[in-house]
$ cat target-v7.pdb   # PDB, C-alpha atoms
ATOM      1  CA  MET T 184      34.937  32.880 -34.635
ATOM      2  CA  LYS T 185      31.236  32.165 -34.633
ATOM      3  CA  ASP T 186      29.957  33.935 -31.539
ATOM      4  CA  LEU T 187      30.378  37.332 -29.967
ATOM      5  CA  CYS T 188      29.225  37.557 -26.381
ATOM      6  CA  VAL T 189      27.823  40.909 -25.268
ATOM      7  CA  PRO T 190      27.070  41.178 -21.548
ATOM      8  CA  ILE T 191      23.977  43.329 -21.042
ATOM      9  CA  PRO T 192      23.407  44.294 -17.419
ATOM     10  CA  ASN T 193      19.856  44.876 -16.177
ATOM     11  CA  PHE T 194      18.150  43.567 -19.307
ATOM     12  CA  SER T 195      14.567  43.289 -18.171
ATOM     13  CA  GLU T 196      11.659  41.412 -19.685
ATOM     14  CA  ASP T 197      10.017  44.463 -21.221
ATOM     15  CA  GLU T 198      13.096  45.616 -23.082
ATOM     16  CA  ILE T 199      14.451  45.024 -26.572
ATOM     17  CA  ALA T 200      18.196  44.990 -27.119
ATOM     18  CA  ASP T 201      19.212  46.379 -30.520
ATOM     19  CA  ILE T 202      22.707  45.472 -31.635
ATOM     20  CA  GLU T 203      24.504  46.954 -34.621
ATOM     21  CA  LEU T 204      27.679  45.325 -35.855
ATOM     22  CA  ARG T 205      30.091  46.447 -38.489
ATOM     23  CA  VAL T 206      32.092  43.498 -39.905
ATOM     24  CA  GLY T 207      34.517  44.849 -42.478
ATOM     25  CA  ASP T 208      32.378  47.097 -44.676
ATOM     26  CA  GLN T 209      29.149  45.382 -43.832
ATOM     27  CA  LYS T 210      26.734  46.738 -41.264
ATOM     28  CA  ILE T 211      24.546  44.112 -39.579
ATOM     29  CA  SER T 212      21.677  44.916 -37.215
ATOM     30  CA  TYR T 213      19.970  42.578 -34.773
ATOM     31  CA  SER T 214      17.134  43.081 -32.357
ATOM     32  CA  PHE T 215      16.839  40.672 -29.453
ATOM     33  CA  ARG T 216      14.148  40.394 -26.863
ATOM     34  CA  VAL T 217      13.996  38.235 -23.743
ATOM     35  CA  GLU T 218      10.431  37.349 -22.911
ATOM     36  CA  SER T 219       9.123  35.918 -19.661
ATOM     37  CA  PHE T 220       6.249  33.463 -19.932
ATOM     38  CA  ALA T 221       4.174  32.025 -17.102
ATOM     39  CA  TRP T 222       5.696  28.740 -15.957
ATOM     40  CA  GLN T 223       4.614  27.681 -12.482
ATOM     41  CA  VAL T 224       1.621  29.830 -11.615
ATOM     42  CA  GLU T 225      -1.818  29.406 -10.081
ATOM     43  CA  ASP T 226      -4.360  29.265 -12.870
ATOM     44  CA  GLU T 227      -7.111  27.021 -14.255
ATOM     45  CA  LEU T 228      -4.497  24.435 -15.259
ATOM     46  CA  SER T 229      -3.007  24.081 -11.759
ATOM     47  CA  VAL T 230      -3.510  20.737 -10.060
ATOM     48  CA  GLU T 231      -2.413  20.166  -6.499
ATOM     49  CA  ASN T 232      -0.165  17.333  -5.402
ATOM     50  CA  ASP T 233       0.258  15.842  -8.864
ATOM     51  CA  ASP T 234       3.733  16.284 -10.307
ATOM     52  CA  VAL T 235       2.861  14.770 -13.682
ATOM     53  CA  SER T 236      -0.142  17.041 -14.232
ATOM     54  CA  ALA T 237       1.863  20.038 -13.020
ATOM     55  CA  SER T 238       4.589  19.253 -15.580
ATOM     56  CA  LEU T 239       2.017  18.901 -18.367
ATOM     57  CA  ALA T 240       0.397  22.187 -17.325
ATOM     58  CA  ARG T 241       3.765  24.010 -17.501
ATOM     59  CA  ILE T 242       4.508  22.656 -20.954
ATOM     60  CA  TYR T 243       0.993  23.525 -22.157
ATOM     61  CA  ARG T 244       1.348  27.121 -20.929
ATOM     62  CA  LEU T 245       4.729  27.479 -22.622
ATOM     63  CA  LYS T 246       3.530  25.974 -25.901
ATOM     64  CA  LYS T 247       0.507  28.251 -26.024
ATOM     65  CA  ALA T 248       2.590  31.316 -25.251
ATOM     66  CA  ILE T 249       5.081  30.451 -28.003
ATOM     67  CA  GLU T 250       2.376  29.580 -30.559
ATOM     68  CA  GLY T 251       0.594  32.855 -29.991
ATOM     69  CA  TYR T 252       3.702  35.030 -30.017
ATOM     70  CA  ASP T 253       4.336  37.834 -32.510
ATOM     71  CA  LYS T 254       5.462  36.111 -35.732
ATOM     72  CA  LYS T 255       7.828  38.979 -36.522
ATOM     73  CA  TRP T 256      10.078  37.476 -33.856
ATOM     74  CA  GLU T 257      11.963  34.189 -34.126
ATOM     75  CA  LEU T 258      12.571  31.965 -31.106
ATOM     76  CA  ILE T 259      16.282  31.449 -30.524
ATOM     77  CA  GLN T 260      16.608  29.793 -27.145
ATOM     78  CA  ILE T 261      14.529  28.637 -24.194
ATOM     79  CA  PHE T 262      16.390  29.075 -20.917
ATOM     80  CA  THR T 263      16.189  26.700 -17.976
ATOM     81  CA  PRO T 264      13.962  28.080 -15.223
ATOM     82  CA  GLY T 265      15.348  27.962 -11.687
ATOM     83  CA  ASP T 266      13.818  25.748  -9.033
ATOM     84  CA  ASN T 267      10.520  27.278  -7.865
ATOM     85  CA  ALA T 268      10.613  29.838 -10.712
ATOM     86  CA  THR T 269       7.220  31.181 -11.639
ATOM     87  CA  HIS T 270       8.325  32.320 -15.119
ATOM     88  CA  ILE T 271      10.536  30.977 -17.874
ATOM     89  CA  GLN T 272      12.773  33.146 -20.103
ATOM     90  CA  VAL T 273      12.789  32.805 -23.870
ATOM     91  CA  LEU T 274      15.168  34.650 -26.208
ATOM     92  CA  TYR T 275      13.713  36.000 -29.461
ATOM     93  CA  ARG T 276      15.357  37.718 -32.411
ATOM     94  CA  ARG T 277      13.486  39.959 -34.834
ATOM     95  CA  ARG T 278      13.190  38.368 -38.270
ATOM     96  CA  ASN T 279      14.789  40.269 -41.166
TER      97      ASN T 279
ATOM     98  CA  MET L   5      13.034   8.632 -43.436
ATOM     99  CA  ILE L   6      12.251   8.726 -39.721
ATOM    100  CA  LYS L   7       8.829   9.033 -38.209
ATOM    101  CA  THR L   8       7.811   8.904 -34.562
ATOM    102  CA  GLU L   9       4.260   8.653 -33.233
ATOM    103  CA  GLU L  10       3.711   9.554 -29.576
ATOM    104  CA  LEU L  11       7.147   8.247 -28.663
ATOM    105  CA  THR L  12       7.521   7.844 -24.917
ATOM    106  CA  LYS L  13      10.446   6.708 -22.797
ATOM    107  CA  VAL L  14      10.154   6.088 -19.086
ATOM    108  CA  PHE L  15      13.107   5.152 -16.883
ATOM    109  CA  ARG L  16      12.203   3.250 -13.732
ATOM    110  CA  THR L  17      14.158   2.429 -10.627
ATOM    111  CA  ASP L  18      12.894   1.099  -7.303
ATOM    112  CA  GLU L  19      12.468   4.621  -5.946
ATOM    113  CA  VAL L  20      11.596   6.800  -8.887
ATOM    114  CA  GLU L  21      10.028   6.898 -12.333
ATOM    115  CA  THR L  22      11.285   9.481 -14.852
ATOM    116  CA  THR L  23       9.512  10.250 -18.112
ATOM    117  CA  ALA L  24      12.362  11.326 -20.379
ATOM    118  CA  LEU L  25      10.205  11.570 -23.518
ATOM    119  CA  ASN L  26       6.482  12.235 -23.505
ATOM    120  CA  LYS L  27       4.443  11.464 -26.658
ATOM    121  CA  VAL L  28       6.961  12.928 -29.096
ATOM    122  CA  THR L  29       5.600  12.989 -32.659
ATOM    123  CA  MET L  30       7.897  14.142 -35.443
ATOM    124  CA  GLU L  31       9.020  13.378 -38.966
ATOM    125  CA  ILE L  32      12.444  13.733 -40.582
ATOM    126  CA  GLN L  33      12.745  13.580 -44.358
ATOM    127  CA  GLY L  34      15.726  12.168 -46.217
ATOM    128  CA  GLY L  35      18.279  14.937 -46.768
ATOM    129  CA  ASP L  36      17.056  16.987 -43.837
ATOM    130  CA  PHE L  37      19.346  18.693 -41.327
ATOM    131  CA  VAL L  38      17.555  18.889 -37.987
ATOM    132  CA  ALA L  39      18.847  20.423 -34.768
ATOM    133  CA  ILE L  40      17.317  19.418 -31.447
ATOM    134  CA  MET L  41      17.782  21.999 -28.709
ATOM    135  CA  GLY L  42      16.856  22.107 -25.068
ATOM    136  CA  PRO L  43      18.323  22.346 -21.582
ATOM    137  CA  SER L  44      20.158  19.470 -19.885
ATOM    138  CA  GLY L  45      17.797  16.708 -18.893
ATOM    139  CA  CYS L  46      15.062  17.589 -21.370
ATOM    140  CA  GLY L  47      15.321  14.273 -23.234
ATOM    141  CA  LYS L  48      17.520  15.219 -26.211
ATOM    142  CA  SER L  49      20.051  12.398 -25.851
ATOM    143  CA  THR L  50      17.315   9.886 -25.019
ATOM    144  CA  LEU L  51      15.551  10.864 -28.239
ATOM    145  CA  LEU L  52      18.759  10.550 -30.225
ATOM    146  CA  ASN L  53      19.487   7.108 -28.743
ATOM    147  CA  ILE L  54      16.027   5.889 -29.730
ATOM    148  CA  LEU L  55      16.271   7.378 -33.244
ATOM    149  CA  GLY L  56      19.656   5.651 -33.534
ATOM    150  CA  LEU L  57      18.144   2.310 -32.478
ATOM    151  CA  LEU L  58      20.421   2.161 -29.442
ATOM    152  CA  ASP L  59      17.360   1.911 -27.227
ATOM    153  CA  ASN L  60      13.667   1.088 -27.531
ATOM    154  CA  PRO L  61      10.816   3.403 -26.567
ATOM    155  CA  SER L  62       8.530   2.470 -23.675
ATOM    156  CA  ASP L  63       5.513   3.362 -25.795
ATOM    157  CA  GLY L  64       4.655   4.859 -29.163
ATOM    158  CA  LYS L  65       6.022   3.998 -32.583
ATOM    159  CA  LEU L  66       9.237   4.583 -34.474
ATOM    160  CA  TYR L  67       9.552   4.083 -38.221
ATOM    161  CA  PHE L  68      12.877   3.947 -40.055
ATOM    162  CA  ASP L  69      12.581   4.055 -43.840
ATOM    163  CA  GLY L  70       8.970   2.915 -43.629
ATOM    164  CA  THR L  71       9.645  -0.064 -41.330
ATOM    165  CA  GLU L  72       8.310  -0.023 -37.777
ATOM    166  CA  VAL L  73      11.291  -0.667 -35.525
ATOM    167  CA  SER L  74       9.889   0.285 -32.105
ATOM    168  CA  LYS L  75       9.830  -3.240 -30.741
ATOM    169  CA  PHE L  76      12.907  -4.647 -32.462
ATOM    170  CA  LYS L  77      15.126  -6.816 -30.291
ATOM    171  CA  GLU L  78      18.802  -5.872 -29.840
ATOM    172  CA  ARG L  79      20.046  -8.115 -32.666
ATOM    173  CA  HIS L  80      17.515  -6.738 -35.102
ATOM    174  CA  ARG L  81      18.364  -3.159 -34.123
ATOM    175  CA  THR L  82      22.066  -3.841 -34.601
ATOM    176  CA  ASN L  83      21.475  -5.179 -38.097
ATOM    177  CA  MET L  84      19.350  -2.179 -38.962
ATOM    178  CA  ARG L  85      22.003   0.270 -37.680
ATOM    179  CA  LYS L  86      24.869  -1.312 -39.601
ATOM    180  CA  GLY L  87      25.600   0.729 -42.657
ATOM    181  CA  ASN L  88      22.519   2.912 -42.200
ATOM    182  CA  ILE L  89      23.345   5.067 -39.191
ATOM    183  CA  GLY L  90      26.567   6.803 -38.153
ATOM    184  CA  PHE L  91      27.145   8.385 -34.732
ATOM    185  CA  VAL L  92      29.202  11.368 -33.629
ATOM    186  CA  PHE L  93      29.508  11.989 -29.896
ATOM    187  CA  GLN L  94      30.578  14.973 -27.814
ATOM    188  CA  SER L  95      33.460  13.059 -26.261
ATOM    189  CA  PHE L  96      34.478  11.420 -29.569
ATOM    190  CA  ASN L  97      34.333   7.833 -28.116
ATOM    191  CA  LEU L  98      37.345   6.631 -30.073
ATOM    192  CA  ILE L  99      39.119   3.460 -28.986
ATOM    193  CA  ASP L 100      42.457   4.425 -27.476
ATOM    194  CA  GLU L 101      44.113   1.100 -28.266
ATOM    195  CA  LEU L 102      43.452   1.437 -31.993
ATOM    196  CA  THR L 103      45.122   3.746 -34.486
ATOM    197  CA  VAL L 104      43.166   6.353 -36.415
ATOM    198  CA  PHE L 105      42.998   3.991 -39.385
ATOM    199  CA  GLU L 106      41.781   1.097 -37.230
ATOM    200  CA  ASN L 107      39.146   3.218 -35.495
ATOM    201  CA  VAL L 108      37.687   4.292 -38.812
ATOM    202  CA  GLU L 109      37.924   0.760 -40.206
ATOM    203  CA  LEU L 110      35.865  -0.766 -37.379
ATOM    204  CA  PRO L 111      32.326  -0.316 -38.807
ATOM    205  CA  LEU L 112      33.475  -1.900 -42.072
ATOM    206  CA  LEU L 113      34.825  -4.921 -40.173
ATOM    207  CA  TYR L 114      31.397  -5.389 -38.573
ATOM    208  CA  MET L 115      29.898  -5.367 -42.053
ATOM    209  CA  ASN L 116      32.334  -8.051 -43.284
ATOM    210  CA  VAL L 117      33.765  -5.779 -45.969
ATOM    211  CA  SER L 118      36.884  -7.244 -47.641
ATOM    212  CA  SER L 119      40.314  -6.057 -46.594
ATOM    213  CA  SER L 120      41.143  -4.349 -49.893
ATOM    214  CA  GLU L 121      37.790  -2.575 -49.959
ATOM    215  CA  ARG L 122      38.186  -1.475 -46.331
ATOM    216  CA  LYS L 123      41.584   0.018 -47.082
ATOM    217  CA  LYS L 124      40.224   1.909 -50.085
ATOM    218  CA  LYS L 125      37.205   3.318 -48.215
ATOM    219  CA  VAL L 126      39.130   4.274 -45.062
ATOM    220  CA  ASN L 127      41.875   6.034 -46.992
ATOM    221  CA  ALA L 128      39.314   7.904 -49.088
ATOM    222  CA  VAL L 129      37.361   9.165 -46.081
ATOM    223  CA  LEU L 130      40.518  10.128 -44.150
ATOM    224  CA  GLU L 131      41.640  12.184 -47.152
ATOM    225  CA  ARG L 132      38.244  13.867 -47.329
ATOM    226  CA  MET L 133      38.346  14.719 -43.618
ATOM    227  CA  LYS L 134      41.960  15.941 -43.997
ATOM    228  CA  ILE L 135      43.285  13.613 -41.309
ATOM    229  CA  ALA L 136      45.024  11.006 -43.503
ATOM    230  CA  HIS L 137      48.458  12.252 -42.434
ATOM    231  CA  ARG L 138      47.709  11.044 -38.873
ATOM    232  CA  LYS L 139      46.316   7.615 -39.768
ATOM    233  CA  LYS L 140      48.978   5.681 -37.880
ATOM    234  CA  HIS L 141      48.619   7.799 -34.745
ATOM    235  CA  PHE L 142      46.557   6.930 -31.676
ATOM    236  CA  PRO L 143      43.696   9.117 -30.421
ATOM    237  CA  GLN L 144      45.667  10.408 -27.427
ATOM    238  CA  GLN L 145      48.220  11.868 -29.837
ATOM    239  CA  LEU L 146      45.609  14.036 -31.545
ATOM    240  CA  SER L 147      44.011  17.342 -30.648
ATOM    241  CA  GLY L 148      40.284  17.495 -29.836
ATOM    242  CA  GLY L 149      39.450  18.805 -33.279
ATOM    243  CA  GLN L 150      41.450  16.052 -34.954
ATOM    244  CA  GLN L 151      39.792  13.397 -32.790
ATOM    245  CA  GLN L 152      36.364  14.652 -33.787
ATOM    246  CA  ARG L 153      37.374  14.518 -37.456
ATOM    247  CA  VAL L 154      38.353  10.885 -36.909
ATOM    248  CA  ALA L 155      35.008  10.274 -35.200
ATOM    249  CA  ILE L 156      33.174  11.822 -38.157
ATOM    250  CA  SER L 157      35.281   9.699 -40.518
ATOM    251  CA  ARG L 158      34.203   6.601 -38.621
ATOM    252  CA  ALA L 159      30.576   7.730 -38.763
ATOM    253  CA  VAL L 160      30.588   8.217 -42.557
ATOM    254  CA  VAL L 161      32.887   5.448 -43.794
ATOM    255  CA  THR L 162      29.931   3.086 -44.398
ATOM    256  CA  ASN L 163      28.132   5.842 -46.343
ATOM    257  CA  PRO L 164      25.162   5.854 -43.995
ATOM    258  CA  LYS L 165      21.805   7.440 -44.803
ATOM    259  CA  LEU L 166      21.689   9.092 -41.393
ATOM    260  CA  ILE L 167      24.186  10.737 -39.054
ATOM    261  CA  LEU L 168      23.237  11.340 -35.437
ATOM    262  CA  ALA L 169      25.452  13.855 -33.680
ATOM    263  CA  ASP L 170      25.193  14.424 -29.925
ATOM    264  CA  GLU L 171      26.740  17.822 -29.083
ATOM    265  CA  PRO L 172      29.468  17.351 -31.719
ATOM    266  CA  THR L 173      31.183  20.667 -30.891
ATOM    267  CA  GLY L 174      30.627  20.508 -27.123
ATOM    268  CA  ASN L 175      34.259  19.682 -26.271
ATOM    269  CA  LEU L 176      35.870  21.820 -28.960
ATOM    270  CA  ASP L 177      37.096  25.395 -29.176
ATOM    271  CA  SER L 178      35.422  27.835 -31.554
ATOM    272  CA  ALA L 179      37.670  27.230 -34.548
ATOM    273  CA  ASN L 180      37.467  23.434 -34.374
ATOM    274  CA  GLY L 181      33.757  23.621 -33.700
ATOM    275  CA  GLU L 182      33.239  25.641 -36.859
ATOM    276  CA  GLU L 183      35.257  23.111 -38.813
ATOM    277  CA  VAL L 184      33.098  20.241 -37.525
ATOM    278  CA  MET L 185      29.908  22.126 -38.380
ATOM    279  CA  ALA L 186      31.277  22.813 -41.875
ATOM    280  CA  LEU L 187      31.912  19.056 -42.309
ATOM    281  CA  LEU L 188      28.398  18.136 -41.166
ATOM    282  CA  THR L 189      26.893  20.787 -43.451
ATOM    283  CA  GLU L 190      28.918  19.480 -46.392
ATOM    284  CA  LEU L 191      27.823  15.877 -45.685
ATOM    285  CA  ASN L 192      24.226  17.051 -45.566
ATOM    286  CA  LYS L 193      24.588  18.900 -48.877
ATOM    287  CA  ASP L 194      25.814  15.605 -50.373
ATOM    288  CA  GLY L 195      22.547  13.965 -49.317
ATOM    289  CA  THR L 196      23.148  12.540 -45.835
ATOM    290  CA  THR L 197      20.392  13.213 -43.320
ATOM    291  CA  VAL L 198      21.802  14.811 -40.170
ATOM    292  CA  VAL L 199      20.119  15.019 -36.768
ATOM    293  CA  MET L 200      22.138  16.979 -34.249
ATOM    294  CA  VAL L 201      21.596  17.648 -30.568
ATOM    295  CA  THR L 202      23.103  20.950 -29.494
ATOM    296  CA  HIS L 203      23.098  23.636 -26.807
ATOM    297  CA  SER L 204      24.525  26.148 -29.234
ATOM    298  CA  PRO L 205      22.086  28.475 -31.031
ATOM    299  CA  SER L 206      24.770  29.328 -33.592
ATOM    300  CA  ASP L 207      25.375  25.657 -34.434
ATOM    301  CA  ALA L 208      21.618  25.130 -34.632
ATOM    302  CA  GLU L 209      21.381  27.956 -37.178
ATOM    303  CA  LYS L 210      23.146  25.704 -39.706
ATOM    304  CA  ALA L 211      20.175  23.297 -39.664
ATOM    305  CA  HIS L 212      17.042  23.385 -41.843
ATOM    306  CA  ARG L 213      14.827  22.932 -38.792
ATOM    307  CA  ILE L 214      15.271  23.483 -35.075
ATOM    308  CA  ILE L 215      13.150  21.440 -32.697
ATOM    309  CA  HIS L 216      12.950  22.740 -29.126
ATOM    310  CA  LEU L 217      12.509  20.022 -26.512
ATOM    311  CA  PHE L 218      11.545  20.700 -22.914
ATOM    312  CA  ASP L 219      10.752  18.180 -20.174
ATOM    313  CA  GLY L 220      10.444  15.444 -22.796
ATOM    314  CA  HIS L 221       7.960  17.375 -24.953
ATOM    315  CA  ILE L 222       8.391  19.135 -28.296
ATOM    316  CA  VAL L 223       7.538  22.717 -27.421
ATOM    317  CA  THR L 224       8.053  24.338 -30.796
ATOM    318  CA  GLU L 225       9.843  24.037 -34.107
ATOM    319  CA  ASN L 226      11.569  26.669 -36.265
ATOM    320  CA  ILE L 227      11.829  26.040 -39.956
ATOM    321  CA  LYS L 228      14.944  27.860 -41.155
ATOM    322  CA  HIS L 229      15.151  26.569 -44.719
ATOM    323  CA  VAL L 230      12.691  24.706 -46.876
ATOM    324  CA  LEU L 231      14.154  21.440 -48.123
TER     325      LEU L 231
END

$ encode --input "target-v7.pdb" --output "structure tokens"
Amino acid sequence: MKDLCVPIPNFSEDEIADIELRVGDQKISYSFRVESFAWQVEDELSVENDDVSASLARIYRLKKAIEGYDKKWELIQIFTPGDNATHIQVLYRRRN
Amino acid sequence: MIKTEELTKVFRTDEVETTALNKVTMEIQGGDFVAIMGPSGCGKSTLLNILGLLDNPSDGKLYFDGTEVSKFKERHRTNMRKGNIGFVFQSFNLIDELTVFENVELPLLYMNVSSSERKKKVNAVLERMKIAHRKKHFPQQLSGGQQQRVAISRAVVTNPKLILADEPTGNLDSANGEEVMALLTELNKDGTTVVMVTHSPSDAEKAHRIIHLFDGHIVTENIKHVL
């Protein structure tokens, strides 16, 4: 078995989920954080009526947010934003 | 081994134009194990198809072992693929009318390898993948995990430099998925370069590097292990 799925209700963007596992005699600790970065927002990068520029602006915002993020945390997964979402969720795990 | 410079792929129909890859620049060294992650529609499979010389980019450059291959015609690409690149797909893509042995033998036939040599190589790889006991069976008689082992056998029988795997565990249960990942990791340890597209963070953890693709762009890259 490679994955254990732990449903966490009401896990909001400001929170860190700490998980401790005991596998046999070994104790393993993980800290996970789900961050929300700006995705489709009004800012200096916004261009009206231009889908291509809007797409480039979204990617630029995301890249900058990820590049500047706390290096003590490792990016695990980028989730798909919903249609018309203003923010995009990214899962991080604290590095050992 | 593989280098891309501002690789771009645009799909056009009468009504719509879709940019599947947008100026993707990356480099993969020989012996590397790279995972490419991203949501559906982000360009992962398009990238893999271009790296595997199954398609040409619309713009930008692709180098394979130092040779620029971006504008190769179909025949040229086919010759380059033969013996150099092996493919593993999510839905196995085995030929139902052929036995396990015949499926694995196919790439060697395309390379005009002699009959005795083909037999030796196919039997050796089936033993290694622990599927030799089913060599006379047809794909429909095998479980999903067994079919994927046959698909991996077919991908490696020519001893390629590069294996491209598109969601190799996507249609498998946990146990079979782990087995497939163990096989790919072992092949990589023996020197084969592996590039794998996956949705699974735990499969991606097996790689040296994880590239995150989004809307056709590389957004970030994690280096897990130094080669």

$ atom_distance --input "target-v7.pdb" --atom1 "CA of Thr23 in chain L" --atom2 "CA of Arg79 in chain L"
25.7 Å

$ residues_around --input "target-v7.pdb" --residues "range 105-118 of chain L" --least-positions-apart "5" --cutoff "8 Å" --atoms "only C-alpha atoms" --output "ChimeraX atom specification"
/L:86-87,98-99,123,126-127,139-140,154-155,157-159,161-162

$ write_last_selection --input "target-v7.pdb" --atoms "C-alpha atoms" --output "PDB file, in the coordinates of the input"
ATOM      1  CA  LYS L  86      24.869  -1.312 -39.601  1.00  0.00           C
ATOM      2  CA  GLY L  87      25.600   0.729 -42.657  1.00  0.00           C
ATOM      3  CA  LEU L  98      37.345   6.631 -30.073  1.00  0.00           C
ATOM      4  CA  ILE L  99      39.119   3.460 -28.986  1.00  0.00           C
ATOM      5  CA  LYS L 123      41.584   0.018 -47.082  1.00  0.00           C
ATOM      6  CA  VAL L 126      39.130   4.274 -45.062  1.00  0.00           C
ATOM      7  CA  ASN L 127      41.875   6.034 -46.992  1.00  0.00           C
ATOM      8  CA  LYS L 139      46.316   7.615 -39.768  1.00  0.00           C
ATOM      9  CA  LYS L 140      48.978   5.681 -37.880  1.00  0.00           C
ATOM     10  CA  VAL L 154      38.353  10.885 -36.909  1.00  0.00           C
ATOM     11  CA  ALA L 155      35.008  10.274 -35.200  1.00  0.00           C
ATOM     12  CA  SER L 157      35.281   9.699 -40.518  1.00  0.00           C
ATOM     13  CA  ARG L 158      34.203   6.601 -38.621  1.00  0.00           C
ATOM     14  CA  ALA L 159      30.576   7.730 -38.763  1.00  0.00           C
ATOM     15  CA  VAL L 161      32.887   5.448 -43.794  1.00  0.00           C
ATOM     16  CA  THR L 162      29.931   3.086 -44.398  1.00  0.00           C
TER      17      THR L 162
END

$ closest_residue --input "target-v7.pdb" --among "L:Glu21, L:Asp59, L:Glu121, L:Glu31" --to "chain T" --atoms "only C-alpha atoms"
L:Glu21

$ resolve_selection --input "target-v7.pdb" --expression "the PyMOL selection byres ((chain L) within 8 of (chain T))" --output "PDB file with C-alpha atoms, keeping the file's coordinate frame"
ATOM      1  CA  GLY L  42      16.856  22.107 -25.068  1.00  0.00           C
ATOM      2  CA  PRO L  43      18.323  22.346 -21.582  1.00  0.00           C
ATOM      3  CA  SER L 178      35.422  27.835 -31.554  1.00  0.00           C
ATOM      4  CA  ALA L 179      37.670  27.230 -34.548  1.00  0.00           C
ATOM      5  CA  GLU L 182      33.239  25.641 -36.859  1.00  0.00           C
ATOM      6  CA  PRO L 205      22.086  28.475 -31.031  1.00  0.00           C
ATOM      7  CA  SER L 206      24.770  29.328 -33.592  1.00  0.00           C
ATOM      8  CA  HIS L 216      12.950  22.740 -29.126  1.00  0.00           C
ATOM      9  CA  PHE L 218      11.545  20.700 -22.914  1.00  0.00           C
ATOM     10  CA  ASP L 219      10.752  18.180 -20.174  1.00  0.00           C
ATOM     11  CA  HIS L 221       7.960  17.375 -24.953  1.00  0.00           C
ATOM     12  CA  VAL L 223       7.538  22.717 -27.421  1.00  0.00           C
ATOM     13  CA  THR L 224       8.053  24.338 -30.796  1.00  0.00           C
ATOM     14  CA  ASN L 226      11.569  26.669 -36.265  1.00  0.00           C
TER      15      ASN L 226
END

$ resolve_selection --input "target-v7.pdb" --expression "the PyMOL selection byres ((chain L and resi 164) around 6)" --output "list of chain:residue names"
L:Gly87, L:Asn88, L:Ile89, L:Thr162, L:Asn163, L:Lys165, L:Leu166

$ atom_distance --input "target-v7.pdb" --atom1 "CA of Lys125 in chain L" --atom2 "CA of Arg138 in chain L"
16.0 Å

$ residues_around --input "target-v7.pdb" --residues "range 149-152 of chain L" --least-positions-apart "4" --cutoff "9 Å" --atoms "all atoms listed in the file" --output "compact mmCIF listing (two decimals) with C-alpha atoms, in the frame of the given file"
# COMPACT_ATOMS: atom_id res chain seq x y z
CA VAL L 92 29.20 11.37 -33.63
CA PHE L 93 29.51 11.99 -29.90
CA GLN L 94 30.58 14.97 -27.81
CA SER L 95 33.46 13.06 -26.26
CA PHE L 96 34.48 11.42 -29.57
CA LEU L 98 37.34 6.63 -30.07
CA VAL L 104 43.17 6.35 -36.42
CA ILE L 135 43.28 13.61 -41.31
CA ARG L 138 47.71 11.04 -38.87
CA PRO L 143 43.70 9.12 -30.42
CA GLN L 144 45.67 10.41 -27.43
CA ILE L 156 33.17 11.82 -38.16
CA SER L 157 35.28 9.70 -40.52
CA PRO L 172 29.47 17.35 -31.72
CA THR L 173 31.18 20.67 -30.89
CA ASN L 175 34.26 19.68 -26.27
CA LEU L 176 35.87 21.82 -28.96
CA ASP L 177 37.10 25.40 -29.18
CA ALA L 179 37.67 27.23 -34.55
CA ASN L 180 37.47 23.43 -34.37
CA GLY L 181 33.76 23.62 -33.70
CA GLU L 183 35.26 23.11 -38.81
CA VAL L 184 33.10 20.24 -37.52

$ resolve_selection --input "target-v7.pdb" --expression "the PyMOL selection byres ((chain L and resi 36) around 7)" --output "PyMOL selection string"
chain L and resi 32-35+37-38+197-198+212+231

$ atom_distance --input "target-v7.pdb" --atom1 "CA of Leu58 in chain L" --atom2 "CA of Arg85 in chain L"
8.6 Å

$ closest_residue --input "target-v7.pdb" --among "L:Thr17, L:Thr50, L:Ser74, L:Asn97" --to "Val201 in chain L" --atoms "all atoms listed in the file"
L:Thr50

$ axis_aligned_box --input "target-v7.pdb" --around "range 199-206 of chain T" --padding-each-side "6 Å" --output "JSON"
{"center_x": 23.3, "center_y": 45.2, "center_z": -33.2, "size_x": 29.6, "size_y": 15.5, "size_z": 25.3}

$ closest_residue --input "target-v7.pdb" --among "L:Met30, L:Met41, L:Ala24, L:Ala136" --to "Pro61 in chain L" --atoms "all atoms listed in the file"
L:Ala24

$ residues_around --input "target-v7.pdb" --residues "Leu57 in chain L" --least-positions-apart "3" --cutoff "10 Å" --atoms "all atoms listed in the file" --output "list in words"
Leu51, Leu52, Asn53, Ile54, Asn60, Pro61, Leu66, Phe68, Val73, Ser74, Phe76, Lys77, Glu78, His80, Arg81, Thr82, Asn83, Met84, Arg85 and Ile89 of chain L
